[in-house]
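Structure first, then comments.
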Amino acid sequence: MNGTHDSSAAELLVRCLENEGVRVVFGIPGEENIRLTNALDRSSIRYVLTRHEQGASFMAEMHGRVTGSAGVVSATLGPGAINLQLGAADAMTNSTPLVALSAQVGSNRSYKESHQFVDLVSMFAPITKWSAGVPDARAIPEMVRKAFKVAETERPGAVYLAVPEDVDAGAADPALHPLPRNVVRAEAPAPGQVARAAALLSSARNPVVLAGHGAARNAAGKSLAAFATDLGLPVATTFHGKGVIPDDHPLAMGTIGFMRRDYGNFGFDQADLIVAVGYELQEFDPVRINPHGDKRIIHVHRFPAEVDAHYSIDVGIIGDISASLDALSAAVPHDRAAPATTPSREMVEAELDRGRTDDRFPLAPQRIVADTRAALDREDVVLVDTGALKMWMSRLYPTYAANTCLVSNGLSTMAFALPGALAVALAEPGVNVLAAVGDGAFLMHSQEIETAVREGIPLTVLIWEDGGYGLIEWKMELEVGEHRCTSFTNPDVVRYAESFGARGHRISSADELLPTLRSALAYPGVTLIACPVDYSENLRLTERLGQLEATL
């Protein structure tokens, strides 16, 4: 706090946030927490004023996703706090550390019906790891320390604290100070469990690895690649695990999680053993890879597996994921021949190759994926919103490092990508950041374009434009043979961008997209790109996959 120790509760709260290493808080202030806002503005923490609390919650979530430290969002009481709930629930189901702070009415009226009062602690309880109200200033150091410890400890998630207006406005004992920060460290894997898993793996005929979000969160990529290489094991990833093993690694199978059987699923058909590394059930239903519940499973994670009939664990190794993989690799003979490449990878590459030369307009989804990949470097980040584009990007987009292709696959929330991209750009200023959004999601949080322009945050938004809720149309066509109530119109994106002081482009031919993307990513400001997409490819894809399944 600029070298001073103010005796107000608000200043104490901000000192506690600084002590936790917080560098940015996203939010909108209210009448009931103006002292907290003022204290933040005088501190070392950057306060990013947003245009909607929900957008702020997505920013905090994505900041936590890429840094591993809890992102922080702040709002006023009542409706402001309620607007934070979607981002909190998204963070919770996406295993992402987030601390949500809001104002609340004071103790002088919290016991009765009063203006803007709702029981926020009870409302947040089902969608957070911990939800509590701050009773007085004396509790602030302990409650802030607990909030970050709970949010960041495996499995990470969201935490909510309500700060009553009389606490925000009150004094604090000058002797109060932040508590020392400590981090819960992963335990070493149990040797007995490693031995049991090694015996199971040694006897397997066709083992396969599934790497999930936990492997990405725990930076287990190096150990995972070594484990797979040593034992000659093919590796598939979940949508959240994309990049934890590079997609150009010979043993990479691609991703699992598409709504129908995709190339990677066929690699599990003949598997008799699945080594699940950091996989979490909310990423996708395990029935897709173990439909009969008969495959043997080794669960490698920081915490025990959820119970599911299609994810029945034979051996669980609980502890540091990298150490567990290293120990398991050392315990198993390295005599399994590694394939030169995996068949599913070859199929993905062939589909992407066809897309690179597809000159149709509106653009084929495969062409948009290929040009997006060509425009971004290996360490650059793309946030992929929920919709039909998530299916195309998640299954086809080559990813070479963890947390460089970000989706929401726990709650699968629409409209997180545009605001989330602002937070990623702040957290990782050395990389290009692209928000890929459908036109359905775009207008849900397009007001945050103003935030990016005002705050000087570079932002490129690629809008997959089809004039409808494409994923819902796809599902309707598959399941009922027609689609209804899904179409809408869009604004002129170029003029809309310019009204915010940003740049706008409309793609009018396939060969325009790649140079436009490269120009936008090199520009230090904000650029919106509207790219018409031909989603007739959706049904063609599911038809092709169905024909492939029939031949296998």
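In the structure tokens, the first chain shown is A, the next is B, and so on; residue numbers restart at 1 for each chain, and ligands run from 1 in the order shown.
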
I'd like to know which residues of region 469-511 of chain A are strand (DSSP E) (by DSSP, run on the backbone); could you write them as a ChimeraX atom specification?
/A:503-506

Once you count only C-alpha atoms, what closest atom pair and distance in Å to one decimal does each residue of region 390-411 of chain A within 10 Å of region 273-288 of chain A have, with rows by chain and rising residue number, as JSON lines?
{"residue": "A:Ser408", "atom": "CA", "partner": "A:Glu283", "partner_atom": "CA", "distance": 9.0}
{"residue": "A:Asn409", "atom": "CA", "partner": "A:Glu283", "partner_atom": "CA", "distance": 5.6}
{"residue": "A:Gly410", "atom": "CA", "partner": "A:Gln282", "partner_atom": "CA", "distance": 5.3}
{"residue": "A:Leu411", "atom": "CA", "partner": "A:Gln282", "partner_atom": "CA", "distance": 8.2}

Sorted by chain and rising residue number, which residues of region 384-416 of chain A lie within 12 Å of region 340-363 of chain A, and what are their closest atom pairs and distances in Å to one decimal, counting only C-alpha atoms, as a Markdown table?
| residue | atom | partner | partner_atom | distance |
| --- | --- | --- | --- | --- |
| A:Trp392 | CA | A:Leu352 | CA | 10.4 |
| A:Met393 | CA | A:Leu352 | CA | 10.7 |
| A:Ser394 | CA | A:Val348 | CA | 11.2 |
| A:Arg395 | CA | A:Val348 | CA | 7.9 |
| A:Leu396 | CA | A:Val348 | CA | 6.2 |
| A:Tyr397 | CA | A:Leu352 | CA | 8.4 |
| A:Pro398 | CA | A:Glu349 | CA | 9.0 |

What's the 10 Å shell around Ile298 (chain A), counting only C-alpha atoms, without same-chain residues fewer than 5 positions away, as a VMD selection string?
chain A and resid 193 to 194 196 to 198 200 to 201 209 273 to 277 311 to 317

Non-local contacts of Gly243 (chain A) (8 Å; only C-alpha atoms; under 2 positions in same chain excluded) as a PyMOL selection string
chain A and resi 216+241+245-247+399-405

Residue subset to file, keeping N, CA and C atoms, as a short mmCIF file (atom, residue, chain, number, x, y, z; two decimals), in the first residue's frame:
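For reference, result.cif as written:
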data_model
loop_
_atom_site.label_atom_id
_atom_site.label_comp_id
_atom_site.auth_asym_id
_atom_site.auth_seq_id
_atom_site.Cartn_x
_atom_site.Cartn_y
_atom_site.Cartn_z
N ALA A 216 -2.43 -30.78 -17.28
CA ALA A 216 -2.07 -29.44 -17.73
C ALA A 216 -1.85 -28.50 -16.56
N GLY A 241 -7.08 -30.77 -21.74
CA GLY A 241 -5.70 -31.24 -21.70
C GLY A 241 -4.92 -30.95 -22.96
N ILE A 245 0.64 -32.82 -24.20
CA ILE A 245 1.61 -33.48 -25.05
C ILE A 245 1.47 -32.83 -26.42
N PRO A 246 2.55 -32.36 -27.03
CA PRO A 246 2.41 -31.63 -28.29
C PRO A 246 1.74 -32.49 -29.36
N ASP A 247 0.89 -31.88 -30.16
CA ASP A 247 0.18 -32.63 -31.19
C ASP A 247 1.09 -33.12 -32.31
N THR A 399 -2.18 -28.25 -31.16
CA THR A 399 -1.80 -27.52 -29.95
C THR A 399 -0.50 -28.11 -29.43
N TYR A 400 0.43 -27.23 -29.06
CA TYR A 400 1.79 -27.68 -28.76
C TYR A 400 2.23 -27.40 -27.33
N ALA A 401 1.43 -26.69 -26.56
CA ALA A 401 1.76 -26.42 -25.17
C ALA A 401 0.47 -26.32 -24.38
N ALA A 402 0.50 -26.74 -23.13
CA ALA A 402 -0.69 -26.69 -22.29
C ALA A 402 -1.17 -25.25 -22.13
N ASN A 403 -2.48 -25.09 -22.00
CA ASN A 403 -3.12 -23.79 -21.76
C ASN A 403 -2.89 -22.80 -22.90
N THR A 404 -2.72 -23.31 -24.12
CA THR A 404 -2.64 -22.41 -25.28
C THR A 404 -3.87 -22.54 -26.17
N CYS A 405 -4.74 -23.50 -25.88
CA CYS A 405 -6.06 -23.58 -26.52
C CYS A 405 -7.05 -23.79 -25.40
#

Shell around Val494 (chain A) at 10 Å using only C-alpha atoms, local window under 5 positions removed, as a list in words
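Answer for this query is Ser499, Ala502, Arg503, Gly504, His505, Arg506, Thr527, Leu528, Ile529 and Ala530 of chain A.
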
Rounded to one decimal, what separation in Å do you get between CA of Leu84 (chain A) and CA of Val184 (chain A)?
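Value for the CA of Leu84 (chain A)-CA of Val184 (chain A) distance: 27.0 Å.
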
Could you give me, as a list in words, the residues within 12 Å of Arg205 (chain A), counting only C-alpha atoms and dropping anything in the same chain fewer than 6 positions from it?
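Residues meeting the cut-off are Leu233, Gln270, Ala271, Asp272, Leu273, Ile274, Lys295, Arg296, Arg336 and Ala337 of chain A.
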
Take the residues from that selection and put them in a file with C-alpha atoms, as an mmCIF file, in the first residue's frame.
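Below is the file that was written, part34.cif:
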data_model
loop_
_atom_site.group_PDB
_atom_site.id
_atom_site.type_symbol
_atom_site.label_atom_id
_atom_site.label_comp_id
_atom_site.auth_asym_id
_atom_site.auth_seq_id
_atom_site.Cartn_x
_atom_site.Cartn_y
_atom_site.Cartn_z
ATOM 1 C CA LEU A 233 2.067 -45.632 -25.272
ATOM 2 C CA GLN A 270 -9.187 -52.155 -28.665
ATOM 3 C CA ALA A 271 -7.620 -50.815 -25.476
ATOM 4 C CA ASP A 272 -7.727 -53.134 -22.480
ATOM 5 C CA LEU A 273 -6.159 -50.593 -20.095
ATOM 6 C CA ILE A 274 -6.517 -46.824 -19.761
ATOM 7 C CA LYS A 295 -11.596 -51.681 -19.350
ATOM 8 C CA ARG A 296 -9.063 -51.631 -16.564
ATOM 9 C CA ARG A 336 6.982 -52.048 -25.956
ATOM 10 C CA ALA A 337 7.412 -50.955 -29.597
#

Just list the residues in region 55-127 of chain A DSSP gives helix (DSSP H, G or I) on the backbone, as JSON, numbers by chain.
{"A": [55, 56, 57, 58, 59, 60, 61, 62, 63, 64, 65, 66, 67, 79, 80, 81, 82, 83, 85, 86, 87, 88, 89, 90, 91, 92, 93, 120, 121, 122, 123, 124, 125, 126, 127]}

Now that the selection is made, can you save its residues with C-alpha atoms as an mmCIF file, in the first residue's frame?
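Full text of part-v6.cif as output:
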data_model
loop_
_atom_site.group_PDB
_atom_site.id
_atom_site.type_symbol
_atom_site.label_atom_id
_atom_site.label_comp_id
_atom_site.auth_asym_id
_atom_site.auth_seq_id
_atom_site.Cartn_x
_atom_site.Cartn_y
_atom_site.Cartn_z
ATOM 1 C CA GLY A 55 -17.482 -10.379 -18.007
ATOM 2 C CA ALA A 56 -15.275 -9.510 -15.040
ATOM 3 C CA SER A 57 -15.838 -12.977 -13.569
ATOM 4 C CA PHE A 58 -14.730 -14.599 -16.836
ATOM 5 C CA MET A 59 -11.636 -12.392 -16.854
ATOM 6 C CA ALA A 60 -10.745 -13.493 -13.327
ATOM 7 C CA GLU A 61 -11.373 -17.113 -14.232
ATOM 8 C CA MET A 62 -9.115 -17.057 -17.284
ATOM 9 C CA HIS A 63 -6.428 -15.163 -15.361
ATOM 10 C CA GLY A 64 -6.496 -17.983 -12.827
ATOM 11 C CA ARG A 65 -6.545 -20.601 -15.575
ATOM 12 C CA VAL A 66 -3.286 -19.500 -17.199
ATOM 13 C CA THR A 67 -1.400 -18.391 -14.076
ATOM 14 C CA PRO A 79 -27.456 -7.764 -8.597
ATOM 15 C CA GLY A 80 -23.738 -7.059 -9.012
ATOM 16 C CA ALA A 81 -22.809 -10.093 -6.939
ATOM 17 C CA ILE A 82 -25.394 -12.281 -8.649
ATOM 18 C CA ASN A 83 -23.838 -11.382 -12.009
ATOM 19 C CA GLN A 85 -22.172 -16.327 -10.303
ATOM 20 C CA LEU A 86 -21.823 -17.649 -13.843
ATOM 21 C CA GLY A 87 -18.072 -17.054 -13.868
ATOM 22 C CA ALA A 88 -17.771 -18.587 -10.409
ATOM 23 C CA ALA A 89 -19.699 -21.686 -11.488
ATOM 24 C CA ASP A 90 -17.649 -21.902 -14.676
ATOM 25 C CA ALA A 91 -14.418 -21.713 -12.681
ATOM 26 C CA MET A 92 -15.684 -24.349 -10.271
ATOM 27 C CA THR A 93 -16.586 -26.849 -12.980
ATOM 28 C CA LEU A 120 -25.511 -14.182 -1.182
ATOM 29 C CA VAL A 121 -23.506 -16.603 0.928
ATOM 30 C CA SER A 122 -26.220 -19.238 0.521
ATOM 31 C CA MET A 123 -26.548 -18.478 -3.196
ATOM 32 C CA PHE A 124 -22.830 -18.983 -3.834
ATOM 33 C CA ALA A 125 -22.475 -22.056 -1.605
ATOM 34 C CA PRO A 126 -23.539 -24.678 -4.205
ATOM 35 C CA ILE A 127 -21.175 -23.306 -6.883
#

Each residue of region 50-77 of chain A lying at most 10 Å from region 450-471 of chain A should get a row with its shortest atom-to-atom pair and the distance in Å to one decimal, counting only C-alpha atoms; could you produce that, ordered by chain and increasing number, as CSV?
residue,atom,partner,partner_atom,distance
A:Thr50,CA,A:Thr451,CA,5.8
A:Arg51,CA,A:Thr451,CA,6.9
A:His52,CA,A:Thr451,CA,10.0

May I have the selected residues written with C-alpha atoms, as an mmCIF file, in the first residue's frame?
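Result file is selection-v2.cif:
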data_model
loop_
_atom_site.group_PDB
_atom_site.id
_atom_site.type_symbol
_atom_site.label_atom_id
_atom_site.label_comp_id
_atom_site.auth_asym_id
_atom_site.auth_seq_id
_atom_site.Cartn_x
_atom_site.Cartn_y
_atom_site.Cartn_z
ATOM 1 C CA THR A 50 -15.306 -3.739 -16.770
ATOM 2 C CA ARG A 51 -18.697 -3.193 -18.392
ATOM 3 C CA HIS A 52 -20.450 -6.193 -16.839
#

Choose the residue, out of A:Ala75, A:Ala323, A:Ala147, A:Ala169, that has the smallest atom-to-atom separation from Ala190 (chain A); count only C-alpha atoms.
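Answer, going by the shortest atom-to-atom distance: A:Ala323.
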
Just want the 7 Å neighbourhood of Val24 (chain A), counted on only C-alpha atoms, with same-chain residues fewer than 4 positions away dropped. Output as a ChimeraX atom specification.
/A:45-47

Restrict the selected residues to C-alpha atoms and save them as a CSV table (one decimal), in the first residue's frame.
chain,number,residue,atom,x,y,z
A,45,ILE,CA,-2.9,-3.9,-7.8
A,46,ARG,CA,-4.3,-2.9,-11.2
A,47,TYR,CA,-8.0,-2.4,-11.0

Atomic distance CA of Asn33 (chain A) - CA of Asp168 (chain A), expressed in Å with one decimal:
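Rounded to one decimal, the two atoms are 6.1 Å apart.
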